[in-house]
>>> print(open('run.cif').read())   # mmCIF, C-alpha atoms
data_data
loop_
_atom_site.label_atom_id
_atom_site.label_comp_id
_atom_site.auth_asym_id
_atom_site.auth_seq_id
_atom_site.Cartn_x
_atom_site.Cartn_y
_atom_site.Cartn_z
CA MET A 1 22.97 -18.74 -30.67
CA THR A 2 22.18 -15.86 -28.37
CA PRO A 3 23.39 -16.74 -24.88
CA ARG A 4 20.76 -18.09 -22.51
CA ARG A 5 20.62 -19.27 -18.95
CA GLU A 6 20.31 -22.99 -18.34
CA ARG A 7 20.86 -25.45 -15.59
CA LYS A 8 23.66 -27.83 -16.44
CA ALA A 9 25.34 -30.72 -14.72
CA ILE A 10 28.90 -29.59 -14.11
CA ARG A 11 31.22 -32.10 -12.49
CA GLY A 12 28.27 -33.99 -11.12
CA GLU A 13 26.57 -30.95 -9.68
CA GLU A 14 23.59 -29.17 -11.22
CA ARG A 15 24.46 -25.50 -11.57
CA GLU A 16 23.11 -22.44 -13.31
CA ALA A 17 25.14 -21.53 -16.38
CA VAL A 18 25.03 -19.20 -19.33
CA VAL A 19 25.16 -21.20 -22.55
CA GLY A 20 26.01 -19.80 -25.92
CA LEU A 21 28.95 -17.73 -26.99
CA ARG A 22 32.08 -17.55 -25.00
CA ARG A 23 35.75 -17.13 -25.46
CA GLN A 24 38.53 -18.97 -23.74
CA ARG A 25 42.16 -18.75 -24.67
CA HIS A 26 44.61 -21.44 -23.74
CA GLU A 27 47.02 -18.79 -22.50
CA GLY A 28 44.94 -18.81 -19.36
CA ARG A 29 42.57 -15.94 -19.78
CA PRO A 30 39.37 -16.68 -17.97
CA GLY A 31 36.38 -17.85 -19.92
CA GLY A 32 33.07 -16.33 -19.08
CA ALA A 33 29.56 -15.50 -20.06
CA ALA A 34 28.68 -13.51 -23.11
CA GLY A 35 26.29 -10.63 -22.90
CA ARG A 36 27.39 -9.21 -19.61
CA PRO A 37 25.56 -6.10 -18.44
CA ALA A 38 26.70 -3.37 -20.79
CA ARG A 39 28.24 -0.13 -19.63
CA ARG A 40 27.58 3.27 -21.09
CA GLY A 41 30.61 4.82 -22.72
CA ALA A 42 31.43 8.01 -24.55
CA GLY A 43 28.88 8.95 -27.15
CA GLY A 44 26.20 6.84 -25.53
CA TYR A 45 27.60 3.58 -26.82
CA ARG A 46 27.39 0.52 -24.68
CA ILE A 47 30.11 -2.07 -24.38
CA LYS A 48 29.24 -5.71 -24.86
CA VAL A 49 31.74 -8.37 -23.93
CA ALA A 50 31.88 -11.70 -25.73
CA PHE A 51 34.03 -14.67 -24.86
CA GLY A 52 34.62 -17.31 -27.50
CA VAL A 53 36.33 -20.66 -27.71
CA ASP A 54 38.65 -22.34 -30.11
CA GLU A 55 40.73 -19.37 -31.19
CA GLU A 56 43.84 -21.37 -32.00
CA TYR A 57 42.02 -24.25 -33.66
CA TYR A 58 39.28 -23.47 -36.17
CA SER A 59 38.00 -20.32 -34.45
CA LEU A 60 34.56 -21.87 -34.25
CA GLY A 61 33.56 -19.45 -31.50
CA ALA A 62 34.27 -16.49 -33.75
CA HIS A 63 32.27 -18.00 -36.60
CA VAL A 64 29.29 -18.61 -34.33
CA LEU A 65 29.58 -15.13 -32.85
CA ALA A 66 29.65 -13.49 -36.28
CA ARG A 67 26.40 -15.24 -37.25
CA SER A 68 24.61 -14.64 -33.99
CA ALA A 69 22.10 -11.98 -33.01
CA PHE A 70 24.54 -10.89 -30.36
CA LEU A 71 26.22 -8.63 -32.91
CA ASP A 72 23.04 -7.13 -34.37
CA ASP A 73 23.44 -3.87 -32.49
CA VAL A 74 27.23 -3.79 -32.50
CA ALA A 75 28.89 -0.91 -34.37
CA ALA A 76 32.51 -1.91 -33.93
CA VAL A 77 34.50 -4.79 -32.50
CA VAL A 78 37.70 -4.68 -30.52
CA VAL A 79 39.53 -7.99 -30.28
CA PRO A 80 42.19 -8.11 -27.57
CA GLU A 81 45.42 -9.48 -28.98
CA THR A 82 48.79 -9.42 -27.33
CA GLY A 83 50.88 -9.47 -30.48
CA ASP A 84 51.48 -7.13 -33.38
CA GLY A 85 52.36 -4.02 -31.42
CA PRO A 86 55.07 -1.65 -32.59
CA ASN A 87 57.44 -3.35 -30.16
CA ARG A 88 57.31 -6.02 -27.50
CA TRP A 89 56.15 -3.59 -24.81
CA HIS A 90 53.28 -2.08 -26.69
CA GLY A 91 51.67 -5.23 -28.03
CA PRO A 92 49.08 -5.70 -25.30
CA SER A 93 48.13 -2.01 -25.29
CA THR A 94 47.87 -1.51 -29.04
CA ILE A 95 44.65 -1.67 -30.97
CA GLY A 96 45.41 -2.64 -34.54
CA LEU A 97 42.74 -1.52 -36.97
CA GLY A 98 41.79 -3.39 -40.11
CA ARG A 99 42.54 -6.95 -39.11
CA MET A 100 41.69 -9.19 -42.05
CA GLY A 101 41.34 -12.47 -40.24
CA ARG A 102 42.79 -15.91 -40.51
CA CYS A 103 42.16 -18.97 -42.61
CA GLU A 104 43.47 -22.48 -42.71
CA TYR A 105 44.63 -24.46 -45.66
CA VAL A 106 44.69 -28.24 -45.60
CA VAL A 107 47.33 -29.92 -47.73
CA GLU A 108 46.31 -33.52 -48.37
CA VAL A 109 49.38 -35.71 -48.68
CA PRO A 110 48.83 -39.22 -50.08
CA GLY A 111 51.19 -42.12 -49.66
CA THR A 112 51.12 -45.68 -50.89
CA GLY A 113 50.78 -47.46 -47.59
CA GLY A 114 52.66 -50.69 -47.16
CA HIS A 115 53.76 -53.32 -44.69
CA GLY A 116 55.97 -51.98 -41.94
CA ALA A 117 58.43 -54.82 -42.41
CA GLN A 118 59.09 -53.55 -45.90
CA ALA A 119 59.21 -49.85 -45.12
CA TYR A 120 62.53 -49.68 -46.96
CA ASN A 121 60.85 -50.73 -50.19
CA PRO A 122 61.46 -47.89 -52.65
CA ASP A 123 58.03 -48.49 -54.17
CA PHE A 124 56.41 -47.33 -50.95
CA VAL A 125 55.72 -43.67 -50.35
CA ASN A 126 55.53 -42.79 -46.67
CA ALA A 127 52.93 -40.08 -46.12
CA ALA A 128 54.56 -39.04 -42.84
CA VAL A 129 57.86 -38.40 -44.57
CA GLU A 130 56.11 -36.48 -47.34
CA CYS A 131 54.24 -34.40 -44.75
CA ALA A 132 57.56 -33.55 -43.14
CA ARG A 133 58.89 -32.39 -46.50
CA VAL A 134 55.89 -30.12 -46.95
CA VAL A 135 56.27 -28.72 -43.43
CA GLU A 136 59.94 -28.05 -44.06
CA ARG A 137 59.14 -26.19 -47.26
CA ILE A 138 56.43 -24.13 -45.57
CA GLU A 139 58.81 -23.22 -42.77
CA ALA A 140 61.37 -22.09 -45.34
CA LEU A 141 58.67 -20.00 -47.00
CA ARG A 142 57.79 -18.42 -43.66
CA ARG A 143 61.41 -17.49 -43.04
CA GLU A 144 61.81 -16.00 -46.50
CA TRP A 145 58.48 -14.21 -46.63
CA ARG A 146 58.50 -10.46 -46.18
CA ASP A 147 54.99 -9.09 -46.13
CA GLU A 148 54.79 -5.41 -46.82
CA TYR A 149 51.91 -5.07 -44.42
CA ALA A 150 52.39 -4.70 -40.67
CA PHE A 151 49.67 -4.29 -38.09
CA ALA A 152 51.60 -1.66 -36.20
CA PRO A 153 54.15 0.90 -37.31
CA PRO A 154 57.76 0.14 -36.50
CA GLY A 155 60.17 2.52 -34.88
CA VAL A 156 58.74 2.79 -31.39
CA PRO A 157 61.59 2.41 -28.89
CA ASP A 158 61.51 -0.95 -27.18
CA ALA A 159 61.83 0.48 -23.69
CA GLY A 160 59.78 2.31 -21.11
CA PRO A 161 56.33 1.69 -19.79
CA PRO A 162 53.66 0.76 -22.28
CA ARG A 163 50.91 3.25 -22.93
CA PRO A 164 47.64 2.78 -24.74
CA SER A 165 47.89 3.54 -28.41
CA ALA A 166 45.98 2.93 -31.60
CA ALA A 167 47.33 2.48 -35.07
CA ALA A 168 45.69 2.17 -38.44
CA PHE A 169 47.12 1.54 -41.86
CA THR A 170 45.23 3.67 -44.35
CA SER A 171 45.58 4.52 -47.99
CA THR A 172 47.80 7.43 -47.01
CA GLY A 173 50.02 5.44 -44.66
CA TRP A 174 50.10 4.90 -40.95
CA ARG A 175 47.97 6.96 -38.64
CA ARG A 176 48.74 6.73 -34.98
CA ALA A 177 47.15 8.10 -31.88
CA THR A 178 48.67 7.72 -28.46
CA ALA A 179 46.59 8.14 -25.39
CA PRO A 180 47.36 11.13 -23.17
CA SER A 181 49.59 10.56 -20.21
CA ARG A 182 46.72 10.70 -17.74
CA PHE A 183 45.92 7.16 -18.82
CA LEU A 184 49.29 5.97 -17.63
CA PRO A 185 49.49 4.31 -14.23
CA PRO A 186 50.96 6.46 -11.47
CA ALA A 187 54.73 6.33 -11.16
CA GLY A 188 56.19 4.02 -8.60
CA MET B 1 50.78 -32.31 -39.46
CA GLU B 2 49.28 -35.74 -39.04
CA ALA B 3 49.92 -38.99 -40.88
CA GLY B 4 49.42 -42.67 -40.33
CA ASP B 5 47.09 -44.54 -38.04
CA GLY B 6 49.43 -45.30 -35.18
CA THR B 7 50.53 -48.66 -36.54
CA ILE B 8 53.96 -49.51 -37.84
CA SER B 9 52.61 -49.73 -41.37
CA VAL B 10 53.86 -47.27 -43.96
CA PRO B 11 51.33 -44.42 -43.69
CA ALA B 12 49.05 -44.22 -46.69
CA ALA B 13 47.79 -40.70 -46.09
CA GLY B 14 48.53 -37.57 -44.17
CA ARG B 15 47.73 -33.93 -44.11
CA VAL B 16 49.34 -30.66 -43.19
CA ILE B 17 47.19 -27.86 -41.82
CA VAL B 18 48.51 -24.40 -42.45
CA SER B 19 47.22 -21.47 -40.44
CA PHE B 20 47.44 -18.32 -42.49
CA THR B 21 46.80 -14.75 -41.41
CA HIS B 22 45.93 -12.75 -44.47
CA SER B 23 46.53 -9.07 -44.95
CA PRO B 24 45.48 -6.29 -47.31
CA GLN B 25 48.37 -7.29 -49.55
CA VAL B 26 47.86 -11.05 -49.45
CA SER B 27 44.30 -12.32 -49.62
CA GLN B 28 43.00 -15.80 -48.82
CA ALA B 29 42.99 -16.56 -52.55
CA ASP B 30 46.60 -15.38 -52.84
CA GLY B 31 47.60 -17.64 -49.98
CA LEU B 32 45.84 -20.62 -51.50
CA ARG B 33 47.53 -20.00 -54.83
CA MET B 34 50.89 -19.62 -53.13
CA PHE B 35 50.62 -22.92 -51.27
CA GLN B 36 49.23 -24.70 -54.32
CA GLU B 37 52.18 -23.54 -56.41
CA MET B 38 54.57 -24.48 -53.65
CA VAL B 39 53.25 -28.04 -53.40
CA ASP B 40 52.98 -28.39 -57.18
CA GLY B 41 56.55 -27.23 -57.50
CA MET B 42 57.73 -29.79 -54.98
CA TYR B 43 56.09 -32.72 -56.69
CA ARG B 44 55.88 -31.79 -60.34
CA ALA B 45 58.77 -34.08 -61.21
CA GLU B 46 57.79 -36.90 -58.88
CA ARG B 47 56.81 -40.28 -60.12
CA PHE B 48 53.62 -41.13 -58.35
CA GLY B 49 50.07 -40.13 -57.74
CA PRO B 50 48.21 -37.12 -59.04
CA TRP B 51 51.37 -35.02 -58.86
#
>>> encode(input="run.cif", output="structure tokens")
Amino acid sequence: MTPRRERKAIRGEEREAVVGLRRQRHEGRPGGAAGRPARRGAGGYRIKVAFGVDEEYYSLGAHVLARSAFLDDVAAVVVPETGDGPNRWHGPSTIGLGRMGRCEYVVEVPGTGGHGAQAYNPDFVNAAVECARVVERIEALRREWRDEYAFAPPGVPDAGPPRPSAAAFTSTGWRRATAPSRFLPPAG
Amino acid sequence: MEAGDGTISVPAAGRVIVSFTHSPQVSQADGLRMFQEMVDGMYRAERFGPW
């Protein structure tokens, strides 16, 4: 699954393309090629950029990426995510450490079926109606649920310019590090 | 959520897909157990099917 160059017919025109792993969010972030030329960073590490697809569906891009050789020489992964900051300003500039991931549960809901002209028949069980009941119950659970875990510490004032920060929940509690002010954009 | 086949017939099957972000306090297994108990609790007293 390592990205490779191919010639593909795109909208009726044969073009060179990189095929393999990529990431594309429906919020409008640009998709692109995986394995861009890496840059040297502090400590001699290089940065590799991967773009995947299907984040909000089954995250198939992430599954393929995790199994690919692309990650063989990767020591750590940073996944950009706009949410889960300590307030609404800091979300895009916060790196939450220790993300556990996401899974999907499928609740199969059987019904009896039946002729539409007799939908009022009490012997019929309408699967759509039963699905709605399940959804309603799940929504109530979501409203009631109070998870002790948060991906960012609360208490950061919800005002002022955002600044890069990192937060990690460890066995001893929250550890935070805020980037020095030189990383902030110039005033004005 | 999806149910039915687009006809006016009474839908015979459907499914609800729940996206769940797990955390150090609530694992995937915990979430599965939670939803299973929730659904079981809803239908334990019902009259039809495997419930």
>>> resolve_selection(input="run.cif", expression="the PyMOL selection byres ((chain B) within 6 of (chain A))", output="ChimeraX atom specification")
/B:3,8-23
>>> atom_distance(input="run.cif", atom1="atom CA of Gly31 of chain B", atom2="atom CA of Arg142 of chain A")
12.0 Å
>>> atom_distance(input="run.cif", atom1="atom CA of Thr94 of chain A", atom2="atom CA of Val78 of chain A")
10.8 Å
>>> closest_residue(input="run.cif", among="A:Ile47, A:Val64, A:Val53, A:Gly12", to="Ala76 of chain A", atoms="all atoms listed in the file")
A:Ile47
>>> residues_around(input="run.cif", residues="Ala17 of chain A", least_positions_apart="5", cutoff="7 Å", atoms="only C-alpha atoms", output="list in words")
Arg5, Glu6, Arg7 and Lys8 of chain A
>>> atom_distance(input="run.cif", atom1="atom CA of Arg11 of chain A", atom2="atom CA of Leu65 of chain A")
26.6 Å
